[in-house]
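One file, model.cif, carrying mmCIF, C-alpha atoms:
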```
data_entry
#
loop_
_atom_site.label_atom_id
_atom_site.label_comp_id
_atom_site.auth_asym_id
_atom_site.auth_seq_id
_atom_site.Cartn_x
_atom_site.Cartn_y
_atom_site.Cartn_z
CA MET A 2 -49.67 -23.26 142.71
CA VAL A 3 -48.21 -26.72 143.33
CA VAL A 4 -45.47 -26.19 140.72
CA HIS A 5 -44.73 -22.72 142.11
CA GLN A 6 -44.42 -23.90 145.72
CA THR A 7 -42.41 -26.97 144.75
CA SER A 8 -39.97 -24.90 142.69
CA LYS A 9 -39.43 -22.50 145.58
CA ALA A 10 -38.79 -25.42 147.93
CA ILE A 11 -36.34 -27.03 145.48
CA TRP A 12 -34.33 -23.83 145.19
CA LYS A 13 -34.39 -23.07 148.91
CA ASN A 14 -33.20 -26.53 149.95
CA LEU A 15 -30.88 -27.53 147.11
CA GLN A 16 -29.15 -24.23 146.33
CA PRO A 17 -26.92 -24.29 149.46
CA VAL A 18 -25.86 -27.85 148.56
CA TYR A 19 -25.53 -27.82 144.77
CA MET A 20 -24.95 -24.14 143.97
CA PRO A 21 -23.31 -22.50 146.99
CA LYS A 22 -21.51 -19.19 146.69
CA PRO A 23 -18.00 -19.99 145.37
CA THR A 24 -15.02 -19.36 147.62
CA ALA A 25 -11.43 -18.59 146.61
CA GLU A 26 -10.63 -22.28 147.02
CA LYS A 27 -13.53 -23.25 144.75
CA TRP A 28 -12.41 -20.77 142.08
CA LYS A 29 -8.94 -22.36 142.14
CA GLN A 30 -10.48 -25.81 141.68
CA VAL A 31 -12.43 -24.50 138.70
CA SER A 32 -9.25 -22.96 137.30
CA ASP A 33 -7.35 -26.25 137.59
CA ARG A 34 -10.15 -28.07 135.78
CA MET A 35 -10.35 -25.43 133.03
CA LEU A 36 -6.63 -25.87 132.45
CA SER A 37 -6.88 -29.65 132.42
CA LEU A 38 -9.89 -29.88 130.10
CA TRP A 39 -9.71 -26.75 127.96
CA ASN A 40 -6.07 -25.60 128.22
CA MET A 41 -7.01 -22.19 129.65
CA PRO A 42 -4.71 -21.14 132.52
CA ASN A 43 -6.16 -19.14 135.44
CA CYS A 44 -9.65 -19.25 133.87
CA ILE A 45 -12.41 -19.59 136.46
CA GLY A 46 -15.43 -20.16 134.24
CA SER A 47 -17.40 -19.03 131.23
CA ILE A 48 -20.34 -16.62 131.22
CA ASP A 49 -23.27 -16.40 128.81
CA GLY A 50 -26.94 -15.53 128.63
CA LYS A 51 -29.93 -17.59 127.48
CA HIS A 52 -33.36 -16.26 126.50
CA ILE A 53 -36.31 -18.05 128.11
CA LYS A 54 -39.40 -17.69 125.90
CA ILE A 55 -42.45 -16.38 127.78
CA GLN A 56 -45.94 -15.10 127.04
CA CYS A 57 -46.04 -11.33 126.73
CA PRO A 58 -46.79 -9.91 130.20
CA PRO A 59 -49.72 -7.46 130.35
CA ARG A 60 -48.83 -3.77 129.92
CA SER A 61 -45.12 -4.55 129.49
CA GLY A 62 -44.68 -2.81 126.15
CA SER A 63 -41.50 -3.91 124.42
CA ALA A 64 -39.48 -4.50 127.60
CA TYR A 65 -39.46 -8.29 127.18
CA TYR A 66 -39.27 -8.29 123.35
CA ASN A 67 -35.82 -9.48 122.29
CA TYR A 68 -33.77 -9.20 119.10
CA LYS A 69 -34.75 -12.76 118.13
CA GLY A 70 -38.35 -11.68 117.68
CA TYR A 71 -40.11 -13.08 120.75
CA PHE A 72 -40.77 -12.19 124.40
CA SER A 73 -38.32 -13.53 126.97
CA VAL A 74 -36.54 -13.21 130.27
CA VAL A 75 -32.79 -13.72 130.35
CA LEU A 76 -30.91 -16.40 132.27
CA LEU A 77 -27.32 -15.28 132.98
CA ALA A 78 -25.12 -18.22 133.96
CA VAL A 79 -21.53 -18.87 135.00
CA SER A 80 -20.36 -22.40 134.16
CA ASP A 81 -17.32 -24.41 135.21
CA ALA A 82 -15.30 -26.70 132.94
CA ASP A 83 -17.82 -29.56 133.21
CA GLY A 84 -21.02 -27.62 132.58
CA MET A 85 -21.94 -27.21 136.25
CA LEU A 86 -23.55 -23.85 137.00
CA LEU A 87 -21.56 -21.84 139.55
CA ALA A 88 -23.89 -18.83 139.67
CA ILE A 89 -27.07 -17.73 137.93
CA ASP A 90 -29.25 -14.65 137.66
CA VAL A 91 -32.62 -14.86 135.93
CA GLY A 92 -35.39 -12.39 135.22
CA ASP A 93 -33.93 -9.43 133.34
CA TYR A 94 -35.82 -7.99 130.36
CA GLY A 95 -35.40 -9.83 127.08
CA ARG A 96 -34.61 -6.62 125.19
CA ASN A 97 -31.43 -6.04 127.21
CA SER A 98 -28.04 -7.11 125.88
CA ASP A 99 -26.01 -9.70 127.76
CA GLY A 100 -23.65 -6.98 128.93
CA ARG A 101 -26.47 -4.95 130.40
CA VAL A 102 -28.03 -8.06 131.95
CA MET A 103 -24.75 -8.75 133.73
CA ALA A 104 -24.48 -5.14 134.91
CA ASN A 105 -28.01 -5.36 136.37
CA SER A 106 -27.46 -8.76 138.01
CA SER A 107 -26.35 -9.41 141.58
CA PHE A 108 -23.39 -11.37 140.17
CA GLY A 109 -22.39 -8.45 137.96
CA ARG A 110 -22.59 -5.97 140.82
CA ALA A 111 -20.48 -8.23 143.04
CA PHE A 112 -18.00 -8.66 140.17
CA LYS A 113 -17.70 -4.90 139.68
CA LYS A 114 -17.20 -4.28 143.40
CA GLY A 115 -14.64 -7.08 143.71
CA ASN A 116 -16.81 -9.11 146.10
CA LEU A 117 -16.54 -12.52 144.41
CA ASP A 118 -13.62 -13.69 146.58
CA LEU A 119 -11.43 -14.29 143.53
CA PRO A 120 -7.95 -15.73 144.23
CA GLU A 121 -4.92 -13.48 144.15
CA PRO A 122 -3.09 -13.34 140.78
CA SER A 123 -0.67 -16.22 140.29
CA PRO A 124 1.87 -17.26 137.63
CA ILE A 125 0.91 -19.73 134.93
CA ALA A 126 2.99 -22.74 133.91
CA GLY A 127 6.33 -21.74 132.44
CA ASP A 128 6.30 -18.10 133.54
CA ASN A 129 6.90 -16.25 136.79
CA GLN A 130 4.67 -13.23 136.15
CA PRO A 131 1.46 -13.32 138.23
CA ILE A 132 -1.67 -12.91 136.12
CA PRO A 133 -5.22 -12.31 137.37
CA TYR A 134 -7.86 -15.02 137.39
CA TYR A 135 -10.52 -14.34 134.78
CA PHE A 136 -13.84 -15.36 133.26
CA ILE A 137 -14.31 -15.81 129.51
CA THR A 138 -17.28 -14.66 127.48
CA ASP A 139 -18.39 -13.45 124.04
CA GLU A 140 -18.38 -10.06 122.32
CA ALA A 141 -21.57 -8.86 124.01
CA PHE A 142 -19.89 -8.30 127.37
CA PRO A 143 -17.54 -5.51 128.49
CA MET A 144 -13.90 -6.48 128.97
CA SER A 145 -11.65 -6.11 132.00
CA LYS A 146 -8.62 -7.87 133.44
CA ASN A 147 -11.00 -10.41 135.03
CA LEU A 148 -13.35 -10.75 132.04
CA LEU A 149 -11.93 -11.61 128.62
CA LYS A 150 -13.70 -11.70 125.27
CA PRO A 151 -12.50 -12.42 121.70
CA TYR A 152 -10.77 -9.97 119.43
CA SER A 153 -13.15 -8.27 117.02
CA LYS A 154 -13.06 -9.36 113.37
CA ASN A 155 -11.34 -6.12 112.37
CA ALA A 156 -8.56 -6.78 114.91
CA LEU A 157 -7.68 -10.28 113.65
CA THR A 158 -4.48 -9.07 112.01
CA THR A 159 -2.08 -11.70 113.40
CA ASN A 160 -2.06 -15.47 113.74
CA SER A 161 -1.68 -15.21 117.51
CA ARG A 162 -4.96 -13.29 117.74
CA ARG A 163 -6.76 -15.81 115.55
CA ILE A 164 -5.44 -18.63 117.71
CA PHE A 165 -6.53 -16.80 120.87
CA ASN A 166 -10.07 -16.45 119.50
CA SER A 167 -10.24 -20.14 118.60
CA ARG A 168 -8.92 -21.18 122.02
CA LEU A 169 -11.35 -18.90 123.83
CA SER A 170 -14.28 -20.11 121.70
CA ARG A 171 -13.31 -23.72 122.41
CA SER A 172 -13.19 -23.02 126.14
CA ARG A 173 -16.69 -21.51 126.12
CA LYS A 174 -18.26 -24.85 125.19
CA PRO A 175 -19.14 -25.76 128.80
CA VAL A 176 -21.62 -22.91 129.27
CA GLU A 177 -23.20 -23.60 125.87
CA CYS A 178 -23.43 -27.29 126.75
CA SER A 179 -25.01 -26.49 130.11
CA PHE A 180 -27.79 -24.59 128.33
CA GLY A 181 -28.22 -27.55 125.96
CA MET A 182 -28.43 -30.00 128.84
CA LEU A 183 -30.97 -27.77 130.60
CA SER A 184 -33.20 -27.68 127.52
CA SER A 185 -32.82 -31.43 127.06
CA LYS A 186 -33.73 -32.25 130.66
CA PHE A 187 -36.55 -29.70 130.97
CA GLY A 188 -38.55 -29.59 127.74
CA VAL A 189 -40.57 -26.60 128.94
CA LEU A 190 -37.56 -24.43 128.04
CA ASN A 191 -38.19 -25.30 124.38
CA THR A 192 -41.76 -23.99 124.51
CA LEU A 193 -43.61 -20.78 125.33
CA ILE A 194 -44.01 -20.55 129.12
CA ARG A 195 -47.41 -19.07 129.90
CA CYS A 196 -46.70 -17.65 133.35
CA THR A 197 -45.82 -14.31 134.87
CA PRO A 198 -42.13 -13.37 134.73
CA ASP A 199 -41.82 -13.75 138.52
CA ASN A 200 -43.04 -17.34 138.34
CA VAL A 201 -40.78 -18.09 135.38
CA ASP A 202 -37.81 -16.87 137.42
CA ILE A 203 -38.62 -19.34 140.20
CA PHE A 204 -39.12 -22.23 137.77
CA VAL A 205 -35.80 -21.55 136.02
CA GLN A 206 -33.93 -21.32 139.32
CA ALA A 207 -35.29 -24.74 140.28
CA MET A 208 -34.29 -26.20 136.91
CA CYS A 209 -30.74 -24.85 137.22
CA VAL A 210 -30.12 -26.27 140.69
CA LEU A 211 -31.66 -29.60 139.63
CA HIS A 212 -29.31 -29.60 136.65
CA ASN A 213 -26.36 -29.38 139.04
CA ALA A 214 -27.78 -32.09 141.28
CA ILE A 215 -28.26 -34.44 138.33
CA ARG A 216 -24.78 -33.74 136.96
CA GLU A 217 -23.19 -34.43 140.33
CA CYS A 218 -25.21 -37.59 140.94
CA ASP A 219 -24.51 -38.93 137.45
CA GLY A 220 -20.80 -38.36 137.91
CA THR A 221 -20.15 -38.14 134.16
CA PHE A 222 -17.61 -35.47 133.32
CA THR A 223 -15.45 -34.56 130.36
CA LYS A 224 -11.95 -36.04 130.02
CA PRO A 225 -8.92 -33.96 128.95
CA GLN A 226 -8.31 -33.84 125.20
CA TYR A 227 -4.77 -32.46 125.09
CA GLU A 228 -1.92 -32.45 127.56
CA ASN A 229 -0.59 -29.03 128.57
CA VAL A 230 2.95 -28.95 127.17
CA ILE A 231 4.95 -25.79 127.94
CA ASP A 232 7.86 -24.59 125.83
CA SER A 233 9.99 -22.90 128.50
CA ASP A 234 12.40 -21.51 125.89
CA SER A 235 9.68 -19.22 124.51
CA ILE A 236 8.70 -17.49 127.74
CA VAL A 237 11.02 -14.58 127.04
CA LEU A 238 8.64 -13.51 124.26
CA LEU A 239 5.81 -12.72 126.66
CA LEU A 240 4.78 -9.23 127.68
CA ARG A 241 6.50 -7.81 130.74
CA LEU A 242 3.95 -5.13 131.55
CA PRO A 243 1.66 -5.13 134.60
CA LEU A 244 -1.51 -6.91 133.45
CA THR A 245 -3.96 -4.29 134.68
CA THR A 246 -6.41 -4.22 131.75
CA GLY A 247 -8.33 -6.70 129.65
CA LYS A 248 -6.43 -5.72 126.50
CA LEU A 249 -3.05 -6.43 128.11
CA MET A 250 -4.33 -9.73 129.48
CA ARG A 251 -5.63 -10.74 126.06
CA ASP A 252 -2.39 -9.82 124.30
CA TYR A 253 -0.37 -11.70 126.92
CA LEU A 254 -2.43 -14.87 126.51
CA SER A 255 -2.48 -14.67 122.71
CA THR A 256 1.33 -14.73 122.74
CA TYR A 257 1.40 -17.44 125.40
CA PHE A 258 -0.93 -19.74 123.43
CA THR A 259 1.07 -19.29 120.24
CA GLU A 260 4.64 -19.42 121.50
CA CYS A 261 4.59 -21.24 124.83
CA ALA A 262 1.55 -23.52 125.20
CA PRO A 263 0.19 -24.57 121.79
CA ILE A 264 -2.29 -27.41 121.40
CA PRO A 265 -2.72 -29.69 118.38
CA HIS A 266 -4.57 -28.33 115.35
CA GLN A 267 -4.60 -24.69 116.51
CA ASP A 268 -2.44 -23.72 113.53
CA ARG A 269 -5.38 -24.36 111.21
CA TYR A 270 -6.53 -20.86 112.14
CA CYS A 271 -3.31 -19.32 110.81
CA VAL A 272 -3.06 -17.72 107.35
#
```

Show me the file's structure as structure tokens.
Amino acid sequence: MVVHQTSKAIWKNLQPVYMPKPTAEKWKQVSDRMLSLWNMPNCIGSIDGKHIKIQCPPRSGSAYYNYKGYFSVVLLAVSDADGMLLAIDVGDYGRNSDGRVMANSSFGRAFKKGNLDLPEPSPIAGDNQPIPYYFITDEAFPMSKNLLKPYSKNALTTNSRRIFNSRLSRSRKPVECSFGMLSSKFGVLNTLIRCTPDNVDIFVQAMCVLHNAIRECDGTFTKPQYENVIDSDSIVLLLRLPLTTGKLMRDYLSTYFTECAPIPHQDRYCV
């Protein structure tokens, strides 16, 4: 009871300070940092899911049984360039895919309805065509102009697509690192939590907002690895179609990364 009440108090009091609802200005700050650290223009964060291992709830059937072979609830998180959590949703059934978890979450519903206060599309360095701001994720999520995922293995037919996949994978490190830091700080996430799913949800919320508080108080953040150098002579190669779908956005960026804004060592993914 003490842990339960304390976790609720932590979330209630710290969430408005360390995990407030992002505004358009905040999304732009995240985008600037994603460009500086990970060389991803107009990217406003990375999304992923993490399974929290729990004891099988009574009379729950297989609802919480996941593909990894244990019972869990899912933590869906949106991370910025430094591993700070911008938004979370926890408590969906472990058997659900990440895409379905997002669709069921309050964040996913707000994303679908266009209620996240995303900035208006703007040009990226070296080009004058406005492109939408977008999140990046893995293959488990649906794709749209504001949510990009890698090309499938069968579609990796060109070097530009391979480079895009490597750049996107590199830029998803912050959300993976945030899960690693959570598990390192709060060892209970590495064990079986013997509580009801509702209590687990409250505990995980408290851990996530404490993670942000610790990150901000520590003040230790990643430094840029590569400078963003734009080849303005190559801009003419980019697509000149309205970027209204995820596929067009992905094709545009794959060409941009290859011809206009390469970073060192990306050619190792060419054949």

Query - Interatomic distance, CA of Asn67 (chain A) to CA of Phe187 (chain A) (Å, one decimal) - result: 22.0 Å

Query raised in the report: Using the chain letters and numbers from the file, which residues does the PyMOL selection byres ((chain A and resi 268) around 10) grab, as a ChimeraX atom specification?
Result: /A:160-161,163-164,167,259,263-267,269-272

Evaluating the PyMOL selection byres ((chain A and resi 20) around 12) on the displayed file yields which residues, as a PDB file with C-alpha atoms, in the frame of the given file?
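Listing of result-v8.pdb after writing:
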```pdb
ATOM      1  CA  ILE A  11     -36.340 -27.030 145.480  1.00  0.00           C
ATOM      2  CA  TRP A  12     -34.330 -23.830 145.190  1.00  0.00           C
ATOM      3  CA  LYS A  13     -34.390 -23.070 148.910  1.00  0.00           C
ATOM      4  CA  ASN A  14     -33.200 -26.530 149.950  1.00  0.00           C
ATOM      5  CA  LEU A  15     -30.880 -27.530 147.110  1.00  0.00           C
ATOM      6  CA  GLN A  16     -29.150 -24.230 146.330  1.00  0.00           C
ATOM      7  CA  PRO A  17     -26.920 -24.290 149.460  1.00  0.00           C
ATOM      8  CA  VAL A  18     -25.860 -27.850 148.560  1.00  0.00           C
ATOM      9  CA  TYR A  19     -25.530 -27.820 144.770  1.00  0.00           C
ATOM     10  CA  PRO A  21     -23.310 -22.500 146.990  1.00  0.00           C
ATOM     11  CA  LYS A  22     -21.510 -19.190 146.690  1.00  0.00           C
ATOM     12  CA  PRO A  23     -18.000 -19.990 145.370  1.00  0.00           C
ATOM     13  CA  THR A  24     -15.020 -19.360 147.620  1.00  0.00           C
ATOM     14  CA  LYS A  27     -13.530 -23.250 144.750  1.00  0.00           C
ATOM     15  CA  ALA A  78     -25.120 -18.220 133.960  1.00  0.00           C
ATOM     16  CA  VAL A  79     -21.530 -18.870 135.000  1.00  0.00           C
ATOM     17  CA  SER A  80     -20.360 -22.400 134.160  1.00  0.00           C
ATOM     18  CA  ASP A  81     -17.320 -24.410 135.210  1.00  0.00           C
ATOM     19  CA  MET A  85     -21.940 -27.210 136.250  1.00  0.00           C
ATOM     20  CA  LEU A  86     -23.550 -23.850 137.000  1.00  0.00           C
ATOM     21  CA  LEU A  87     -21.560 -21.840 139.550  1.00  0.00           C
ATOM     22  CA  ALA A  88     -23.890 -18.830 139.670  1.00  0.00           C
ATOM     23  CA  ILE A  89     -27.070 -17.730 137.930  1.00  0.00           C
ATOM     24  CA  GLN A 206     -33.930 -21.320 139.320  1.00  0.00           C
ATOM     25  CA  ALA A 207     -35.290 -24.740 140.280  1.00  0.00           C
ATOM     26  CA  MET A 208     -34.290 -26.200 136.910  1.00  0.00           C
ATOM     27  CA  CYS A 209     -30.740 -24.850 137.220  1.00  0.00           C
ATOM     28  CA  VAL A 210     -30.120 -26.270 140.690  1.00  0.00           C
ATOM     29  CA  LEU A 211     -31.660 -29.600 139.630  1.00  0.00           C
ATOM     30  CA  HIS A 212     -29.310 -29.600 136.650  1.00  0.00           C
ATOM     31  CA  ASN A 213     -26.360 -29.380 139.040  1.00  0.00           C
ATOM     32  CA  ALA A 214     -27.780 -32.090 141.280  1.00  0.00           C
ATOM     33  CA  ARG A 216     -24.780 -33.740 136.960  1.00  0.00           C
ATOM     34  CA  GLU A 217     -23.190 -34.430 140.330  1.00  0.00           C
TER      35      GLU A 217
END
```

Query - Near-Ala64 (chain A) list (10 Å; all atoms listed in the file; drop same-chain fewer than 5 positions) as a PyMOL selection string - result: chain A and resi 57-58+72-74+93-97

Requested in this report: Determine the nearest neighbour of Leu38 (chain A) from the options A:Asn105, A:Thr159, A:Thr223, A:Asn200, counting all atoms listed in the file.
Outcome: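 Of the candidates, the smallest distance to Leu38 (chain A) is held by A:Thr223.
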
Requested in this report: Could you give me, as a ChimeraX atom specification, the residues that sit within 8 Å of (-42.9, -17.0, 126.6) in the file's coordinates, counting all atoms listed in the file?
Outcome: /A:53-57,71-73,192-196

Some atoms are missing, so please complete region 256-267 of chain A with all heavy atoms and return it as a compact mmCIF listing (two decimals), keeping the file's coordinate frame.
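Saved the output as selection_39.txt:
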```txt
# COMPACT_ATOMS: atom_id res chain seq x y z
N THR A 256 -0.07 -14.36 122.95
CA THR A 256 1.33 -14.73 122.74
C THR A 256 1.66 -16.04 123.43
O THR A 256 2.35 -16.90 122.89
CB THR A 256 2.26 -13.62 123.27
OG1 THR A 256 1.93 -12.38 122.65
CG2 THR A 256 3.72 -13.95 123.01
N TYR A 257 1.14 -16.22 124.64
CA TYR A 257 1.40 -17.44 125.40
C TYR A 257 0.87 -18.67 124.67
O TYR A 257 1.56 -19.70 124.57
CB TYR A 257 0.73 -17.30 126.78
CG TYR A 257 0.91 -18.50 127.69
CD1 TYR A 257 2.09 -18.68 128.40
CD2 TYR A 257 -0.11 -19.43 127.83
CE1 TYR A 257 2.25 -19.77 129.26
CE2 TYR A 257 0.04 -20.52 128.67
CZ TYR A 257 1.22 -20.69 129.39
OH TYR A 257 1.38 -21.77 130.22
N PHE A 258 -0.35 -18.60 124.13
CA PHE A 258 -0.93 -19.74 123.43
C PHE A 258 -0.15 -20.08 122.16
O PHE A 258 -0.04 -21.25 121.79
CB PHE A 258 -2.39 -19.45 123.07
CG PHE A 258 -3.32 -19.37 124.25
CD1 PHE A 258 -4.47 -18.59 124.19
CD2 PHE A 258 -3.05 -20.05 125.41
CE1 PHE A 258 -5.32 -18.51 125.27
CE2 PHE A 258 -3.89 -19.98 126.51
CZ PHE A 258 -5.03 -19.21 126.43
N THR A 259 0.37 -19.07 121.51
CA THR A 259 1.07 -19.29 120.24
C THR A 259 2.49 -19.78 120.44
O THR A 259 2.93 -20.74 119.79
CB THR A 259 1.09 -17.99 119.42
OG1 THR A 259 -0.25 -17.50 119.25
CG2 THR A 259 1.70 -18.23 118.05
N GLU A 260 3.21 -19.15 121.37
CA GLU A 260 4.64 -19.42 121.50
C GLU A 260 4.99 -20.41 122.59
O GLU A 260 6.01 -21.11 122.49
CB GLU A 260 5.39 -18.10 121.77
CG GLU A 260 5.12 -17.00 120.75
CD GLU A 260 5.69 -17.34 119.38
OE1 GLU A 260 6.55 -18.25 119.31
OE2 GLU A 260 5.30 -16.69 118.40
N CYS A 261 4.19 -20.48 123.64
CA CYS A 261 4.59 -21.24 124.83
C CYS A 261 3.74 -22.47 125.11
O CYS A 261 4.26 -23.46 125.64
CB CYS A 261 4.55 -20.34 126.06
SG CYS A 261 5.44 -18.79 125.85
N ALA A 262 2.45 -22.43 124.83
CA ALA A 262 1.55 -23.52 125.20
C ALA A 262 0.59 -23.86 124.07
O ALA A 262 -0.63 -23.80 124.24
CB ALA A 262 0.78 -23.15 126.47
N PRO A 263 1.10 -24.22 122.90
CA PRO A 263 0.19 -24.57 121.79
C PRO A 263 -0.48 -25.92 122.03
O PRO A 263 0.01 -26.75 122.80
CB PRO A 263 1.14 -24.65 120.59
CG PRO A 263 2.46 -25.02 121.18
CD PRO A 263 2.51 -24.35 122.52
N ILE A 264 -1.62 -26.12 121.39
CA ILE A 264 -2.29 -27.41 121.40
C ILE A 264 -2.43 -27.89 119.96
O ILE A 264 -2.35 -27.09 119.03
CB ILE A 264 -3.67 -27.34 122.09
CG1 ILE A 264 -4.59 -26.36 121.35
CG2 ILE A 264 -3.53 -26.95 123.55
CD1 ILE A 264 -6.02 -26.35 121.89
N PRO A 265 -2.61 -29.19 119.75
CA PRO A 265 -2.72 -29.69 118.38
C PRO A 265 -3.83 -29.01 117.59
O PRO A 265 -4.87 -28.65 118.15
CB PRO A 265 -3.02 -31.19 118.58
CG PRO A 265 -2.43 -31.51 119.92
CD PRO A 265 -2.63 -30.28 120.74
N HIS A 266 -3.59 -28.82 116.31
CA HIS A 266 -4.57 -28.33 115.35
C HIS A 266 -4.87 -26.83 115.46
O HIS A 266 -5.68 -26.33 114.69
CB HIS A 266 -5.90 -29.11 115.44
CG HIS A 266 -5.72 -30.59 115.50
ND1 HIS A 266 -5.03 -31.29 114.55
CD2 HIS A 266 -6.14 -31.49 116.42
CE1 HIS A 266 -5.05 -32.58 114.86
NE2 HIS A 266 -5.70 -32.72 116.00
N GLN A 267 -4.27 -26.11 116.42
CA GLN A 267 -4.60 -24.69 116.51
C GLN A 267 -4.05 -23.89 115.33
O GLN A 267 -4.57 -22.83 114.99
CB GLN A 267 -4.11 -24.09 117.81
CG GLN A 267 -2.60 -23.91 117.91
CD GLN A 267 -2.19 -23.21 119.22
OE1 GLN A 267 -2.92 -23.21 120.20
NE2 GLN A 267 -1.03 -22.60 119.21
```
